[in-house]
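Structure, as structure tokens:
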Amino acid sequence: MSQAPAIQQKQNTTPERKHSTQMRAVLHVLKADPFLYERVSPFINFDTETIYWNEIFRMGFGSGHRGAITWCYGIWVDEPKPRSNCFDAALSMDPNFQIAVLEALAMRWGLTTKT
């Protein structure tokens, strides 16, 4: 009898939708710092895979977080943010962000299966 509820529960759950490669790469960078992810996640619509960049860039961030966001933007739109230099911004990012950006670029370009 104890198995019946578990089977019913399994049938009622819907599988989680797999995000696009771009979204997974951006989330990988953002999740390198839980504080940053928490601050920007309200501006990400996970169902429609929409990121509200204008709102995110209006927020006050330190240089390391701003650098990570700048890289995320570039990964998302496949071009650098106008009037910004993501390579200079990378110099102010901590090593966790730097590694996450490199991994995200590999993800975005299909060079890894890391999710």
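To be explicit about the labels: the chains of the structure tokens are called A, B, and onward in the order shown, and within each one the residues are counted from 1, while ligands get numbers from 1 in the order they are shown.
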- Message: When you look at Leu111 of chain A with a cut-off of 12 Å (counting only C-alpha atoms), what residues show up, excluding the ones that are within fewer than 5 positions of it in the same chain? I need them as an NGL selection string.
- Response: :A and (21 or 25 or 102-106)
- Task: List every residue of segment 12-114 of chain A that DSSP, applied to the backbone, labels as strand (DSSP E), and write the result as an MDAnalysis selection string.
- Result: chainID A and resid 44:45 50:51
Output for the residues just chosen: N, CA and C atoms as a PDB file, in the first residue's frame:
ATOM      1  N   ILE A  44      14.888  37.424 -14.347  1.00  0.00           N
ATOM      2  CA  ILE A  44      14.989  36.342 -15.327  1.00  0.00           C
ATOM      3  C   ILE A  44      13.667  35.587 -15.329  1.00  0.00           C
ATOM      4  N   ASN A  45      13.052  35.490 -16.500  1.00  0.00           N
ATOM      5  CA  ASN A  45      11.847  34.690 -16.648  1.00  0.00           C
ATOM      6  C   ASN A  45      12.294  33.330 -17.178  1.00  0.00           C
ATOM      7  N   THR A  50      13.674  34.726 -20.816  1.00  0.00           N
ATOM      8  CA  THR A  50      13.864  36.145 -21.062  1.00  0.00           C
ATOM      9  C   THR A  50      14.679  36.725 -19.920  1.00  0.00           C
ATOM     10  N   ILE A  51      15.683  37.507 -20.254  1.00  0.00           N
ATOM     11  CA  ILE A  51      16.486  38.182 -19.241  1.00  0.00           C
ATOM     12  C   ILE A  51      16.319  39.677 -19.456  1.00  0.00           C
TER      13      ILE A  51
END
- Task: Using only C-alpha atoms, find the one residue out of A:Asp47, A:Val29, A:Tyr73, A:Glu79 that sits nearest to Pro95 of chain A.
- Result: A:Val29
- Message: Using only C-alpha atoms, which protein or nucleic acid residues come within 12 Å of Met107 of chain A? Drop anything in the same chain fewer than 6 positions from it, and give the result as a PyMOL selection string.
- Response: chain A and resi 20-29+75-76+100-101+113-115
- Figure out the distance between atom CA of Gly74 of chain A and atom CA of Glu55 of chain A, please, to one decimal in Å.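 So the answer is 16.0 Å.
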- From the list A:Leu36, A:Ala89, A:Ile99, A:Leu30, the nearest residue to Gly64 of chain A using only C-alpha atoms is A:Ala89
- Note on the structure: Across A:Trp53, A:Phe46, A:Phe87, A:Phe97, the smallest distance to Ala68 of chain A, with only C-alpha atoms counted, is shown by A:Phe97
